Each structure stands twice: as structure tokens, then as C-alpha cells.
$ cat final25.cif   # mmCIF, C-alpha atoms and all ligand atoms
data_protein
loop_
_atom_site.group_PDB
_atom_site.id
_atom_site.type_symbol
_atom_site.label_atom_id
_atom_site.label_comp_id
_atom_site.auth_asym_id
_atom_site.auth_seq_id
_atom_site.Cartn_x
_atom_site.Cartn_y
_atom_site.Cartn_z
ATOM 1 C CA MET A 1 83.600 111.625 -63.671
ATOM 2 C CA PRO A 2 83.129 108.466 -65.812
ATOM 3 C CA SER A 3 84.089 106.025 -63.040
ATOM 4 C CA SER A 4 81.660 107.544 -60.493
ATOM 5 C CA ASN A 5 78.972 107.486 -63.236
ATOM 6 C CA LEU A 6 79.626 103.807 -63.720
ATOM 7 C CA ILE A 7 79.388 103.168 -59.988
ATOM 8 C CA LEU A 8 76.093 105.079 -59.885
ATOM 9 C CA GLN A 9 74.706 103.030 -62.800
ATOM 10 C CA VAL A 10 75.780 99.725 -61.237
ATOM 11 C CA HIS A 11 74.189 100.837 -57.974
ATOM 12 C CA GLN A 12 70.933 101.734 -59.738
ATOM 13 C CA ILE A 13 70.837 98.399 -61.604
ATOM 14 C CA GLY A 14 71.568 96.611 -58.316
ATOM 15 C CA THR A 15 68.698 98.411 -56.592
ATOM 16 C CA LYS A 16 66.316 97.497 -59.447
ATOM 17 C CA ILE A 17 67.389 93.829 -59.350
ATOM 18 C CA MET A 18 66.855 93.727 -55.583
ATOM 19 C CA PHE A 19 63.445 95.375 -55.963
ATOM 20 C CA PHE A 20 62.228 92.866 -58.594
ATOM 21 C CA HIS A 21 63.796 89.992 -56.679
ATOM 22 C CA GLY A 22 61.841 91.119 -53.594
ATOM 23 C CA ILE A 23 58.559 91.227 -55.523
ATOM 24 C CA PHE A 24 59.279 87.859 -57.139
ATOM 25 C CA SER A 25 60.101 86.212 -53.774
ATOM 26 C CA PHE A 26 56.952 87.673 -52.246
ATOM 27 C CA PHE A 27 54.755 86.073 -54.922
ATOM 28 C CA VAL A 28 56.615 82.763 -54.708
ATOM 29 C CA VAL A 29 56.151 82.592 -50.908
ATOM 30 C CA PHE A 30 52.527 83.790 -51.194
ATOM 31 C CA GLY A 31 51.801 81.162 -53.858
ATOM 32 C CA LEU A 32 53.363 78.394 -51.774
ATOM 33 C CA LEU A 33 51.336 79.391 -48.706
ATOM 34 C CA LEU A 34 48.154 79.496 -50.795
ATOM 35 C CA SER A 35 48.689 76.035 -52.253
ATOM 36 C CA TYR A 36 49.597 74.624 -48.804
ATOM 37 C CA ASP A 37 46.358 76.081 -47.384
ATOM 38 C CA SER A 38 44.205 74.689 -50.173
ATOM 39 C CA MET A 39 45.921 71.313 -49.832
ATOM 40 C CA ILE A 40 45.091 71.231 -46.078
ATOM 41 C CA LEU A 41 41.478 72.269 -46.793
ATOM 42 C CA PHE A 42 41.213 69.639 -49.517
ATOM 43 C CA MET A 43 42.603 66.891 -47.273
ATOM 44 C CA ASP A 44 40.414 67.994 -44.370
ATOM 45 C CA SER A 45 37.103 67.713 -46.190
ATOM 46 C CA ASN A 46 37.916 64.816 -48.485
ATOM 47 C CA ASN A 47 39.386 62.334 -46.080
ATOM 48 C CA LYS A 48 36.371 61.891 -43.791
ATOM 49 C CA ARG A 49 34.865 58.426 -43.715
ATOM 50 C CA MET A 50 31.756 57.781 -41.699
ATOM 51 C CA LEU A 51 29.463 54.844 -41.081
ATOM 52 C CA ILE A 52 25.732 54.940 -40.456
ATOM 53 C CA LEU A 53 25.048 51.864 -38.348
ATOM 54 C CA ASN A 54 21.464 50.765 -37.770
ATOM 55 C CA GLY A 55 20.299 48.063 -35.386
ATOM 56 C CA PRO A 56 17.270 45.772 -35.172
ATOM 57 C CA ASN A 57 14.039 46.458 -37.052
ATOM 58 C CA LEU A 58 15.475 49.548 -38.735
ATOM 59 C CA ASN A 59 15.610 47.612 -42.018
ATOM 60 C CA LEU A 60 11.817 48.124 -41.984
ATOM 61 C CA LEU A 61 11.957 51.928 -41.967
ATOM 62 C CA GLY A 62 9.246 53.236 -44.281
ATOM 63 C CA LYS A 63 6.969 50.296 -43.422
ATOM 64 C CA ARG A 64 7.433 50.067 -39.654
ATOM 65 C CA GLU A 65 5.087 52.229 -37.518
ATOM 66 C CA PRO A 66 5.184 55.189 -39.964
ATOM 67 C CA GLY A 67 3.415 57.383 -37.377
ATOM 68 C CA ILE A 68 6.596 57.178 -35.273
ATOM 69 C CA TYR A 69 9.366 56.529 -37.785
ATOM 70 C CA GLY A 70 8.027 58.230 -40.948
ATOM 71 C CA ASN A 71 7.591 56.958 -44.504
ATOM 72 C CA ASP A 72 11.176 57.028 -45.781
ATOM 73 C CA SER A 73 13.186 53.863 -46.165
ATOM 74 C CA MET A 74 16.800 54.177 -45.015
ATOM 75 C CA GLU A 75 17.943 53.365 -48.544
ATOM 76 C CA SER A 76 16.105 56.374 -50.056
ATOM 77 C CA TYR A 77 17.063 58.672 -47.170
ATOM 78 C CA PHE A 78 20.693 57.594 -47.474
ATOM 79 C CA ALA A 79 20.899 59.156 -50.956
ATOM 80 C CA THR A 80 19.621 62.486 -49.534
ATOM 81 C CA LEU A 81 22.129 62.231 -46.708
ATOM 82 C CA GLN A 82 25.056 61.605 -49.039
ATOM 83 C CA ASN A 83 23.971 64.614 -51.154
ATOM 84 C CA SER A 84 24.044 66.833 -48.059
ATOM 85 C CA PHE A 85 27.687 65.883 -47.428
ATOM 86 C CA PRO A 86 29.365 65.556 -50.818
ATOM 87 C CA ASP A 87 32.820 65.691 -49.213
ATOM 88 C CA VAL A 88 32.186 62.931 -46.700
ATOM 89 C CA SER A 89 32.395 59.326 -47.724
ATOM 90 C CA LEU A 90 29.344 57.717 -46.109
ATOM 91 C CA GLU A 91 28.603 54.027 -45.714
ATOM 92 C CA TYR A 92 25.528 52.276 -44.422
ATOM 93 C CA TYR A 93 25.214 48.986 -42.559
ATOM 94 C CA GLN A 94 22.223 47.461 -40.826
ATOM 95 C CA SER A 95 21.851 44.293 -38.834
ATOM 96 C CA ASN A 96 19.248 42.733 -36.590
ATOM 97 C CA VAL A 97 21.989 40.778 -34.839
ATOM 98 C CA GLU A 98 23.787 42.278 -31.830
ATOM 99 C CA GLY A 99 27.096 40.488 -32.532
ATOM 100 C CA GLU A 100 27.170 41.724 -36.120
ATOM 101 C CA LEU A 101 26.784 45.325 -34.937
ATOM 102 C CA ILE A 102 29.691 44.738 -32.569
ATOM 103 C CA ASN A 103 31.800 43.178 -35.347
ATOM 104 C CA LYS A 104 31.105 46.211 -37.541
ATOM 105 C CA LEU A 105 32.144 48.603 -34.752
ATOM 106 C CA HIS A 106 35.423 46.669 -34.385
ATOM 107 C CA GLU A 107 35.947 46.703 -38.149
ATOM 108 C CA VAL A 108 35.662 50.459 -38.639
ATOM 109 C CA GLY A 109 36.461 51.662 -35.133
ATOM 110 C CA PHE A 110 40.149 52.431 -35.587
ATOM 111 C CA THR A 111 40.153 53.948 -39.054
ATOM 112 C CA TYR A 112 36.886 55.800 -39.656
ATOM 113 C CA ASP A 113 36.269 59.398 -38.581
ATOM 114 C CA GLY A 114 32.868 58.754 -37.074
ATOM 115 C CA VAL A 115 30.003 56.333 -36.533
ATOM 116 C CA VAL A 116 26.351 57.374 -36.337
ATOM 117 C CA LEU A 117 24.716 54.587 -34.359
ATOM 118 C CA ASN A 118 21.037 53.907 -34.029
ATOM 119 C CA ALA A 119 21.197 50.735 -31.991
ATOM 120 C CA GLY A 120 17.371 50.439 -31.949
ATOM 121 C CA ALA A 121 16.116 48.438 -28.985
ATOM 122 C CA TYR A 122 19.679 47.313 -28.154
ATOM 123 C CA THR A 123 20.157 50.874 -26.920
ATOM 124 C CA HIS A 124 18.159 49.925 -23.841
ATOM 125 C CA THR A 125 19.641 46.482 -23.216
ATOM 126 C CA SER A 126 23.144 46.011 -24.577
ATOM 127 C CA VAL A 127 26.160 46.201 -22.281
ATOM 128 C CA ALA A 128 28.068 44.447 -25.085
ATOM 129 C CA ILE A 129 27.470 47.339 -27.522
ATOM 130 C CA HIS A 130 28.434 49.822 -24.780
ATOM 131 C CA ASP A 131 31.709 47.913 -24.312
ATOM 132 C CA ALA A 132 32.362 47.782 -28.067
ATOM 133 C CA ILE A 133 31.961 51.569 -28.349
ATOM 134 C CA LYS A 134 34.344 51.991 -25.411
ATOM 135 C CA ALA A 135 36.846 49.628 -27.017
ATOM 136 C CA ILE A 136 37.268 51.602 -30.244
ATOM 137 C CA SER A 137 38.836 54.993 -30.906
ATOM 138 C CA THR A 138 36.394 56.291 -33.557
ATOM 139 C CA PRO A 139 33.827 58.665 -32.011
ATOM 140 C CA VAL A 140 30.271 57.318 -31.964
ATOM 141 C CA VAL A 141 27.120 59.460 -31.843
ATOM 142 C CA GLU A 142 23.959 57.784 -30.517
ATOM 143 C CA VAL A 143 20.946 58.565 -32.661
ATOM 144 C CA HIS A 144 17.194 58.018 -32.371
ATOM 145 C CA ILE A 145 14.558 58.890 -34.925
ATOM 146 C CA SER A 146 11.851 59.236 -32.289
ATOM 147 C CA ASN A 147 12.014 61.187 -29.050
ATOM 148 C CA VAL A 148 12.453 58.207 -26.748
ATOM 149 C CA TYR A 149 11.641 60.334 -23.682
ATOM 150 C CA GLN A 150 8.077 60.868 -24.942
ATOM 151 C CA ARG A 151 7.590 57.105 -25.214
ATOM 152 C CA GLU A 152 7.449 54.078 -22.895
ATOM 153 C CA THR A 153 9.605 54.378 -19.764
ATOM 154 C CA TYR A 154 11.704 51.345 -20.741
ATOM 155 C CA ARG A 155 13.011 53.494 -23.619
ATOM 156 C CA HIS A 156 14.182 56.209 -21.212
ATOM 157 C CA THR A 157 17.251 54.233 -20.250
ATOM 158 C CA SER A 158 20.176 53.982 -22.637
ATOM 159 C CA LEU A 159 23.063 51.656 -21.844
ATOM 160 C CA ILE A 160 25.182 53.149 -24.604
ATOM 161 C CA THR A 161 24.998 56.938 -23.993
ATOM 162 C CA GLY A 162 27.896 56.846 -21.525
ATOM 163 C CA ALA A 163 30.184 55.406 -24.186
ATOM 164 C CA CYS A 164 29.151 57.816 -26.963
ATOM 165 C CA VAL A 165 30.367 61.375 -27.610
ATOM 166 C CA GLY A 166 26.763 62.599 -27.664
ATOM 167 C CA VAL A 167 23.121 61.806 -28.347
ATOM 168 C CA ILE A 168 20.710 63.175 -30.941
ATOM 169 C CA GLY A 169 17.081 62.109 -30.992
ATOM 170 C CA GLY A 170 13.562 63.134 -31.824
ATOM 171 C CA PHE A 171 14.165 64.901 -35.147
ATOM 172 C CA GLY A 172 12.940 62.097 -37.378
ATOM 173 C CA MET A 173 15.392 61.010 -40.077
ATOM 174 C CA ASP A 174 17.067 64.415 -39.780
ATOM 175 C CA SER A 175 18.662 63.096 -36.563
ATOM 176 C CA TYR A 176 21.198 61.269 -38.776
ATOM 177 C CA ARG A 177 22.157 64.498 -40.605
ATOM 178 C CA LEU A 178 22.512 66.375 -37.320
ATOM 179 C CA ALA A 179 24.769 63.625 -35.979
ATOM 180 C CA ILE A 180 27.085 63.931 -38.999
ATOM 181 C CA GLU A 181 27.168 67.731 -38.523
ATOM 182 C CA ALA A 182 28.187 67.133 -34.900
ATOM 183 C CA LEU A 183 30.914 64.650 -35.868
ATOM 184 C CA LEU A 184 32.331 67.138 -38.376
ATOM 185 C CA GLN A 185 32.663 69.720 -35.575
ATOM 186 C CA LEU A 186 34.750 67.444 -33.345
HETATM 187 C C1 LIG B 201 14.745 54.030 -31.881
HETATM 188 C C2 LIG B 201 14.089 54.059 -30.526
HETATM 189 C C3 LIG B 201 14.193 52.709 -29.850
HETATM 190 O O1 LIG B 201 13.572 52.746 -28.592
HETATM 191 C C4 LIG B 201 13.505 51.648 -30.680
HETATM 192 O O2 LIG B 201 13.659 50.374 -30.093
HETATM 193 C C5 LIG B 201 13.974 51.635 -32.089
HETATM 194 C C6 LIG B 201 14.203 52.907 -32.762
HETATM 195 C C7 LIG B 201 14.565 55.352 -32.650
HETATM 196 O O3 LIG B 201 15.260 55.533 -33.636
HETATM 197 O O4 LIG B 201 13.719 56.163 -32.297
HETATM 198 O O5 LIG B 201 14.089 50.593 -32.713
HETATM 199 O O6 LIG B 201 16.126 53.852 -31.706
#

$ encode --input "final25.cif" --output "C-alpha cells"
Amino acid sequence: MPSSNLILQVHQIGTKIMFFHGIFSFFVVFGLLLSYDSMILFMDSNNKRMLILNGPNLNLLGKREPGIYGNDSMESYFATLQNSFPDVSLEYYQSNVEGELINKLHEVGFTYDGVVLNAGAYTHTSVAIHDAIKAISTPVVEVHISNVYQRETYRHTSLITGACVGVIGGFGMDSYRLAIEALLQL
């Protein structure tokens, strides 16, 4: 019968349209999910900003007691460090002045994703730096180039550890890299 033939044909065309529509929708949804995922990944790795903050006498790295602190200046090591983390925007600041370290912590402490702090000898003396770390929301990792526990007893006490998320020390300049790794895991 011609009319039932027509109905059959319309039905078959309808089924084909639905089939291709299904495939098309699948790829559209899949594509959207894929681009959303890559956008999240992109934002995740590209938006990190971190500060390496060095305290007193660390401007002399490379010259200062090389048997303990090695031969690298912070400036030359910083280039290596940045190369190890191409997706992290790293900055470096050093001061011999306690108040300037505190000012820097205040400056970055509500916007940056992490601070790697080698407070040098202020580690063992500064309640003010402890309070500054407590006052900010950016996580701070305490770092030491040397293993302070193998050295003079006055270096065994840190007044800042309690305010930091963790401590890394004794691995030479690599302590800075390990601290960034740790901050990226938070
Ligand atoms: C140091 C250890 C401190 O005791 C010392 O005062 C420093 C450097 C380190 O990196 O090993 O200046 O923080």
C-alpha cells in the first residue's frame, strides 16, 4: 500500500536523523567537556605566583662560607629554579632588614600562592616574622640550605616554624626547589 510505504519511509528517515543527531550531540558534549578540562588544567598551572624570600646575609650566597652554603649565587640558582617550574611565576626578594622582610610578607601575603622563606638568622630570633607569617593567608614554607640541626645549638630553635606550613632544610640550594614542590601539592 502506497500510504503505508510512505509511513515506513518517513519512519526510516526519522530513525536516521535521530541516530545522526545522537552522534552529533555526543561529540558536541564530549568536545565541551574536553575544552572545559583543558581550561581548568591551564588555569591551574598558569596562575601560580610564588615568592622566594631570603633574609640576612643570603645576598652573599656563593661567597659566604661556601663549605656550608655552596658556590652558587642566588641569582644564578634562581634561573635554574625558574626553568624547573616553567608554569609557575617565581619572584625573588632579599633583604638584610627584618622590617623589609615583614613588609614583603604583607605585600604578597593575600594574593600569592606561596612563599618560600629562608629567614636566615632571623629564623632563630624573630617573633615579628612569626607574627607576620601568622597574619597573612598565603602559605609559607620555611627553608634552610644547611641542616641547622647539625650545627650550633642556637640554630636548633626556630621561632617561625609554628607559623609555617612546613620546613625543608639540609638539601643545599635544592631545598628551595623541594619547597616549591611542596607548595604545589597543597
Ligand atoms: C640558614 C641557617 C641559619 O641558621 C643561618 O643564620 C643562615 C642560613 C640556612 O639556609 O641554612 O643565614 O637559614

$ resolve_selection --input "final25.cif" --expression "the PyMOL selection byres (((chain A and resi 141) around 12) and not hetatm)" --output "PyMOL selection string"
chain A and resi 50-54+113-119+133+138-140+142-144+160-169+175-184+186

$ resolve_selection --input "final25.cif" --expression "the PyMOL selection byres (((not hetatm)) within 12 of (chain B and resi 201))" --output "count of residues only"
60

$ atom_distance --input "final25.cif" --atom1 "atom CA of Lys134 of chain A" --atom2 "atom CA of Glu98 of chain A"
15.7 Å

$ axis_aligned_box --input "final25.cif" --around "segment 133-147 of chain A" --padding-each-side "8 Å" --output "AutoDock Vina command-line options"
--center_x 25.3 --center_y 55.4 --center_z -30.2 --size_x 43.0 --size_y 27.6 --size_z 25.5

$ closest_residue --input "final25.cif" --among "A:Ile136, A:Asn47, A:Glu75, A:Lys63" --to "Asp87 of chain A" --atoms "only C-alpha atoms"
A:Asn47

$ atom_distance --input "final25.cif" --atom1 "atom CA of Asn83 of chain A" --atom2 "atom CA of Val108 of chain A"
22.2 Å

$ closest_residue --input "final25.cif" --among "A:Gly62, A:Ser89, A:Ile102, A:Arg49" --to "Tyr77 of chain A" --atoms "only C-alpha atoms"
A:Gly62

$ atom_distance --input "final25.cif" --atom1 "atom CA of Thr80 of chain A" --atom2 "atom CA of Tyr92 of chain A"
12.9 Å

$ closest_residue --input "final25.cif" --among "A:Ile129, A:Lys48, A:Thr111, A:Ser73" --to "Leu90 of chain A" --atoms "only C-alpha atoms"
A:Lys48

$ decode --input "final25.cif" --residues "segment 147-182 of chain A" --atoms "C-alpha atoms" --output "mmCIF file, in the first residue's frame"
data_model
loop_
_atom_site.group_PDB
_atom_site.id
_atom_site.type_symbol
_atom_site.label_atom_id
_atom_site.label_comp_id
_atom_site.auth_asym_id
_atom_site.auth_seq_id
_atom_site.Cartn_x
_atom_site.Cartn_y
_atom_site.Cartn_z
ATOM 1 C CA ASN A 147 70.989 21.220 58.116
ATOM 2 C CA VAL A 148 70.648 23.523 61.107
ATOM 3 C CA TYR A 149 70.391 20.549 63.489
ATOM 4 C CA GLN A 150 73.973 19.522 62.663
ATOM 5 C CA ARG A 151 75.205 22.998 63.594
ATOM 6 C CA GLU A 152 75.426 25.203 66.702
ATOM 7 C CA THR A 153 72.649 24.632 69.251
ATOM 8 C CA TYR A 154 71.407 28.224 68.921
ATOM 9 C CA ARG A 155 70.347 27.265 65.376
ATOM 10 C CA HIS A 156 68.213 24.384 66.671
ATOM 11 C CA THR A 157 65.437 26.720 67.715
ATOM 12 C CA SER A 158 63.173 28.267 65.109
ATOM 13 C CA LEU A 159 60.674 30.932 66.124
ATOM 14 C CA ILE A 160 58.933 30.750 62.767
ATOM 15 C CA THR A 161 58.272 27.001 62.246
ATOM 16 C CA GLY A 162 54.993 27.145 64.179
ATOM 17 C CA ALA A 163 53.621 29.724 61.759
ATOM 18 C CA CYS A 164 54.738 27.935 58.575
ATOM 19 C CA VAL A 165 53.037 25.059 56.731
ATOM 20 C CA GLY A 166 56.277 23.065 56.844
ATOM 21 C CA VAL A 167 60.065 23.114 56.969
ATOM 22 C CA ILE A 168 62.662 21.923 54.467
ATOM 23 C CA GLY A 169 66.356 22.068 55.267
ATOM 24 C CA GLY A 170 69.714 20.480 54.693
ATOM 25 C CA PHE A 171 69.495 19.824 50.945
ATOM 26 C CA GLY A 172 71.662 22.731 49.851
ATOM 27 C CA MET A 173 70.073 25.029 47.267
ATOM 28 C CA ASP A 174 67.764 22.165 46.292
ATOM 29 C CA SER A 175 65.811 22.953 49.485
ATOM 30 C CA TYR A 176 64.180 25.839 47.568
ATOM 31 C CA ARG A 177 63.034 23.515 44.744
ATOM 32 C CA LEU A 178 61.658 20.998 47.235
ATOM 33 C CA ALA A 179 59.729 23.767 48.985
ATOM 34 C CA ILE A 180 58.076 24.811 45.706
ATOM 35 C CA GLU A 181 57.183 21.150 45.016
ATOM 36 C CA ALA A 182 55.565 21.021 48.463
#
